[in-house]
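K.L.:
Can you keep this structure in mind? I'll have questions shortly.
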Amino acid sequence: MQKKVKNKLQELRTLLFNAYFYKNVAKIKYTKVMKCDELEIGKSAIIEVGDKEIALFNYKGNFYAIDNTCPHRGAPLGEGRIEEGILICPNHEWRFELKSGWCPQNPELSTEVYPIKIHDEKIYVRLEK
């Protein structure tokens with residue numbers, strides 16, 4: 001009897017998880033932005049996705065997407081350089097972690113980063129949270 005109850009509970013958990021997943025997670029939209037081989041290692045591109053301007057970087061073979069506008073003074077971050085995983089603004093040298101958007105100079109300041117997905121050698125960016 002107790003084993004049947006445990007099995008039923010497990011079935012219900014699985015059903016609830018699947019319902020949640022397909023309602024919330026599976027519908028997250030990624031937008032194709034370019035082919036992987038179009039952005040060489042060490043290079044960046046400024047792209048538009050919807051109404052957002054995004055700086056896309058290929059840093060050591062990994063792709064990163066970050067808001068292109070520096071929150072300090074509005075400079076185009078896609079024109080910046082990267083040192084040790086830190087994006088350096090081209091105008092006033094403010095720094096932002098590529099992975100998180102966090103600014104070590106002002107811990108209360110950050111810039112938006114966007115998740116990346118690679119599929120069939122194409123780069124996809126997700127804007128939705």
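In the structure tokens, chains take letters A, B, ... by order of appearance, with residues numbered from 1 within each chain and ligands from 1 in the order shown.
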Quick one: residues within 12 Å of Lys99 of chain A, only C-alpha atoms counted, chain neighbours fewer than 5 positions away excluded, as number ranges by chain?
P.N.:
A: 56-57, 59, 62-67, 82, 84-87, 110-116
K.L.:
Can you tell me, as a list in words, what residues are no more than 8 Å from Pro76 of chain A when counting only C-alpha atoms, ignoring any on the same chain fewer than 5 positions away?
P.N.:
Asn68, Thr69, Cys70, Cys89 and Pro90 of chain A
K.L.:
Quick check for you: according to DSSP on this backbone, which residues of chain A are classed as strand (DSSP E)? Reply as a PyMOL selection string.
P.N.:
chain A and resi 30-35+44-49+52-59+62-67+81-83+86-88+95-97+113-114+116-119+122-126
K.L.:
Tell me which of A:Glu108, A:Ile118, A:Glu128, A:Arg95 sits closest to Lys32 of chain A, counting only C-alpha atoms.
P.N.:
A:Ile118
K.L.:
If you measure from atom CA of Lys122 of chain A to atom CA of Tyr30 of chain A, what distance in Å do you get, rounded to one decimal?
P.N.:
11.3 Å
K.L.:
Could you work out how far atom CA of Glu83 of chain A lies from atom CA of Lys60 of chain A, giving the answer in Å with one decimal?
P.N.:
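Separation of atom CA of Lys60 of chain A and atom CA of Glu83 of chain A: 11.1 Å.
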K.L.:
Between A:Arg126, A:Lys4, A:His119, A:His72, which one has atoms that come closest to Glu93 of chain A, using only C-alpha atoms?
P.N.:
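Comparing A:Arg126, A:Lys4, A:His119, A:His72 against Glu93 of chain A, the winner is A:His72.
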